[in-house]
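**Student:** Encoded as structure tokens, here's the structure I'll be asking about.
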Amino acid sequence: MAAQEIKVPDIGDFDEVEVIEVLVSEGDEVEEEQPLITLESDKATLEVPSSAAGKITELKVAEGDKVSEGDVIAMLEAADASGDDSEDEADDADTDEEAEDDSSSADDEEEADASESEDDDDSDDDEADEDASGGGENVEVKVPDIGDFDEVEVIEVLVAEGDDVEEEQPLITLESDKATLEVPSSGAGKITELKVSEGDKVSEGDVIAMLETAGGDKKASGGNKKSSESKADSKPKKDGEPKPPKRGKSGKDEPQDDAPTQPAAKAGDSGDSSKLKSVDEDRFNKAHASPSVRKYARQIGADLGRIEGSGRKGRILEEDVQTYVRKTLEQVQGGASAGAGSAPAGGGGVPAQPDIDYSQFGEVETNELPRIRKLSAKAVHRNWLLIPHVTQFDTADITEMEAFRQANKEKAKADGVKLTPLAFMLKAAAAALREFPDLNSSLTADCEHLVHKHYVHIAVAVDTPNGLLMPVLKNVDQKGIYQIARELDDLSGRAREGKLKGDEMKGACFSISSLGGVGGTAFTPIVNSPEVGILGVSKHSWQPVWNGSEFEPRLILPLSLSYDHRVIDGAKAARITGFLSEKLSDLRTLLL
């Protein structure tokens with residue numbers, strides 16, 4: 001049988017969408033509507049299903065590829081249904097003693113299908129009559145399959161009652177915590193009634209509008225409706241929804257081949273909810289994960305809301321779920337002994353913060369933290385508990401550095417470079433990482449070995465509307481001041497716009513957090529594990545400095561180096577800040 005092409009369906013206004021997951025392999029047998037790949041844009045994650053059952057003979061895409069509507073993603077050898085047809089024909093002909101020829105069987109099958117169509121819906125003839133007369137009909141426009149999202153908010157109504165719309169024209173816009181999508185019209189015609197308004201919550205199958213279809217298009221619309229209903233019957237049903245009975249050629253329901261799939265119990269269900277008794281449904285639904293990962297998590301009872309994602313933009317992968325479950329089981333089964341030699345979990349034995357009803361003292365308002373702040377809070381808490389912090393304070397005389405920067409500022413601007421003090425600090429920090437190898441290292445998980453890195457990647461803290469992000473500049477030691485300044489400006493800008501890629505926030509050896517543009521004289525930054533050091537920079541100020549014969553004004557920059565005391569001792573930390581001070585005070589030493 002010839003292989004058929006599986007193409008990317010209509011995915012709205014998205015173009016060149018990245019393939020983040022390939023869910024099948026060549027040679028796999030797949031069912032109709034089984035997901036084949038997962039796509040992710042800046043605002044949505046969606047799966048592309050198979051248009052038929054059969055065997056995948058060739059995959060046309062791989063993870064990281066970009067695809068658009070109509071692109072071929074796989075070749076499928078459709079399943080041969082001839083065997084099933086012959087069995088059905090034999091059942092229909094159980095009163096006949098002689099086999100009929102192929103043409104007679106085909107005629108009988110067509111007659112049986114026609115009879116079934118009449119039995120299923122007597123109103124089809126009436127609809128056909130209306131089609132022939134050119135009249136229109138009022139049909140319901142419903143919310144299509146939107147994945148695992150439920151009770152999604154309507155943020156925009158794009159049409160009004162009385163508007164004429166085309167088929168596939170967007171009617172409303174929905175927005176969940178992780179996706180924004182438009183619901184298109186299922187046909188062409190006039191909107192006679194809107195069932196929703198901005199702020200309403202809708203789910204799959206909810207009616208959003210009544211549409212009076214165009215007379216000339218009605219017959220085709222009716223056919224499409226039946227086709228879509230047939231397709232819906234073949235799609236996997238949502239958890240807890242019974243499978244429709246199979247219908248034989250006689251028009252009677254046939255017994256099911258298998259029992260309906262039992263849904264995974266949810267927290268609060270009256271049935272056995274032991275698997276998910278600790279799952280926060282609201283938190284679960286807001287987690288950043290693809291539909292397939294959500295389904296997997298529900299099947300094994302893992303709370304996505306408690307899992308940190310390692311994928312792009314913090315997306316939770318199936319491996320993240322497995323790691324979470326494995327660690328949870330180790331803690332439960334092993335108790336204290338399971339944690340020997342490894343980092344303690346669950347706060348390292350620190351008592352949980354009491355849940356206080358603050359409204360008893362006065363009026364309150366509760367606002368949910370942005371997702372980035374939630375992730376940052378967990379990371380900061382973990383790092384503070386696991387790393388023995390010490391902070392070394394020092395200063396650097398940057399009078400000459402600032403004079404050099406100001407003298408070259410306009411020239412750099414003409415070259416498209418924003419020359420900031422942070423670019424010089426990055427260059428000095430890169431030199432320190434080369435001079436002190438232990439600063440450019442990480443402890444192994446068992447805390448018995450040091451991994452020294454032969455590359456110099458430095459993360460820089462960027463304040464964004466949604467929280468602190470740490471983009472990473474790669475190979476800083478190999479770049480000049482202008483190139484460092486240009487990359488720093490690009491990464492900082494995209495961080496504030498939320499356009500950083502996942503790999504642009506990984507692999508740092510060291511971090512710099514600068515509050516020079518805000519204020520303060522010193523602070524104690526928290527080390528980002530598995531790094532062993534972070535440099536805090538405060539606001540510089542003019543101070544009188546004795547030069548041997550008189551006081552003269554000098555520009556002084558406060559430095560705060562926090563470090564992991566398991567790797568770096570106090571004496572070495574003092575040498576590191578002294579080294580940084582020297583390099584920043586005299587830029588010529590960076591050439592040595």
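Residue numbering restarts at 1 for every chain of the structure tokens, chains are lettered A, B, ... in their displayed order, and ligands are numbered from 1 as they appear.
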Near Ala3 of chain A, counting only C-alpha atoms, which residues have an atom at most 8 Å away, once you skip same-chain residues fewer than 2 positions from it, shown as an mmCIF file with C-alpha atoms, in the first residue's frame?

**Tutor:**
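out_32.cif, written as the output of this step:
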```cif
data_model
loop_
_atom_site.group_PDB
_atom_site.id
_atom_site.type_symbol
_atom_site.label_atom_id
_atom_site.label_comp_id
_atom_site.auth_asym_id
_atom_site.auth_seq_id
_atom_site.Cartn_x
_atom_site.Cartn_y
_atom_site.Cartn_z
ATOM 1 C CA MET A 1 0.000 0.000 0.000
ATOM 2 C CA GLU A 5 1.899 12.249 3.775
ATOM 3 C CA THR A 57 7.705 4.660 7.300
ATOM 4 C CA MET A 75 5.138 9.321 5.730
ATOM 5 C CA LEU A 76 2.486 6.851 6.865
ATOM 6 C CA GLU A 77 1.626 3.433 5.469
ATOM 7 C CA ALA A 78 -2.076 3.286 6.272
#
```

**Student:** Segment 417-425 of chain A: which residues within 9 Å, counting only C-alpha atoms, same-chain residues fewer than 5 positions away excluded, as a short mmCIF file (atom, residue, chain, number, x, y, z; two decimals) with C-alpha atoms, in the first residue's frame?

**Tutor:**
```cif
data_model
loop_
_atom_site.label_atom_id
_atom_site.label_comp_id
_atom_site.auth_asym_id
_atom_site.auth_seq_id
_atom_site.Cartn_x
_atom_site.Cartn_y
_atom_site.Cartn_z
CA MET A 401 38.68 53.20 34.09
CA GLU A 402 35.75 55.61 34.13
CA ARG A 405 35.12 54.78 29.33
CA GLN A 406 33.84 58.35 29.06
CA ASN A 408 35.50 56.30 24.29
CA LYS A 409 31.76 56.37 24.96
CA GLU A 410 30.74 58.39 21.88
CA LYS A 411 33.08 56.48 19.59
CA ALA A 412 31.60 53.20 20.83
CA ALA A 430 37.16 36.48 33.29
CA ILE A 481 35.48 45.02 25.58
CA TYR A 482 33.41 46.13 22.57
CA GLN A 483 32.24 42.60 21.76
CA ILE A 484 31.41 41.94 25.43
CA ALA A 485 29.44 45.22 25.64
CA ARG A 486 27.54 44.42 22.43
CA LEU A 488 25.66 42.19 27.05
CA ASP A 489 23.30 44.81 25.60
CA ILE A 512 27.83 39.04 38.51
CA SER A 514 25.29 44.72 39.71
CA LEU A 580 39.78 42.27 40.73
CA LYS A 583 42.55 44.96 37.19
CA LEU A 584 39.74 47.51 37.47
CA LEU A 587 43.07 48.45 32.77
#
```

**Student:** Taking only C-alpha atoms into account, which of A:Ser562, A:Thr38, A:Ser310, A:Ser51 comes nearest Lys66 of chain A?

**Tutor:**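 Smallest separation from Lys66 of chain A among the options: A:Thr38.
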
**Student:** Write out as a PyMOL selection string each polymer residue whose atoms come within 8 Å of Val139 of chain A, counting only C-alpha atoms; drop sequence neighbours fewer than 2 positions from it.

**Tutor:** chain A and resi 137+141+210-213

**Student:** In Å, with one decimal, what is the gap from atom CA of Glu40 of chain A to atom CA of Asp503 of chain A?

**Tutor:** 15.6 Å

**Student:** Rank nothing, just name the residue among A:Val72, A:Ala428, A:Val537, A:Ala461 nearest to Arg588 of chain A, using only C-alpha atoms.

**Tutor:**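 Looking only at the distances to Arg588 of chain A, the closest residue turns out to be A:Ala428.
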
**Student:** What is the distance, in Å and to one decimal place, between atom CA of Glu151 of chain A and atom CA of Ala297 of chain A?

**Tutor:**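 Separation of atom CA of Glu151 of chain A and atom CA of Ala297 of chain A: 20.0 Å.
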
**Student:** If you count only C-alpha atoms, which residues fall within 8 Å of segment 201-208 of chain A, apart from same-chain ones fewer than 4 positions away, as a PyMOL selection string?

**Tutor:** chain A and resi 140-146+149-154+194-196
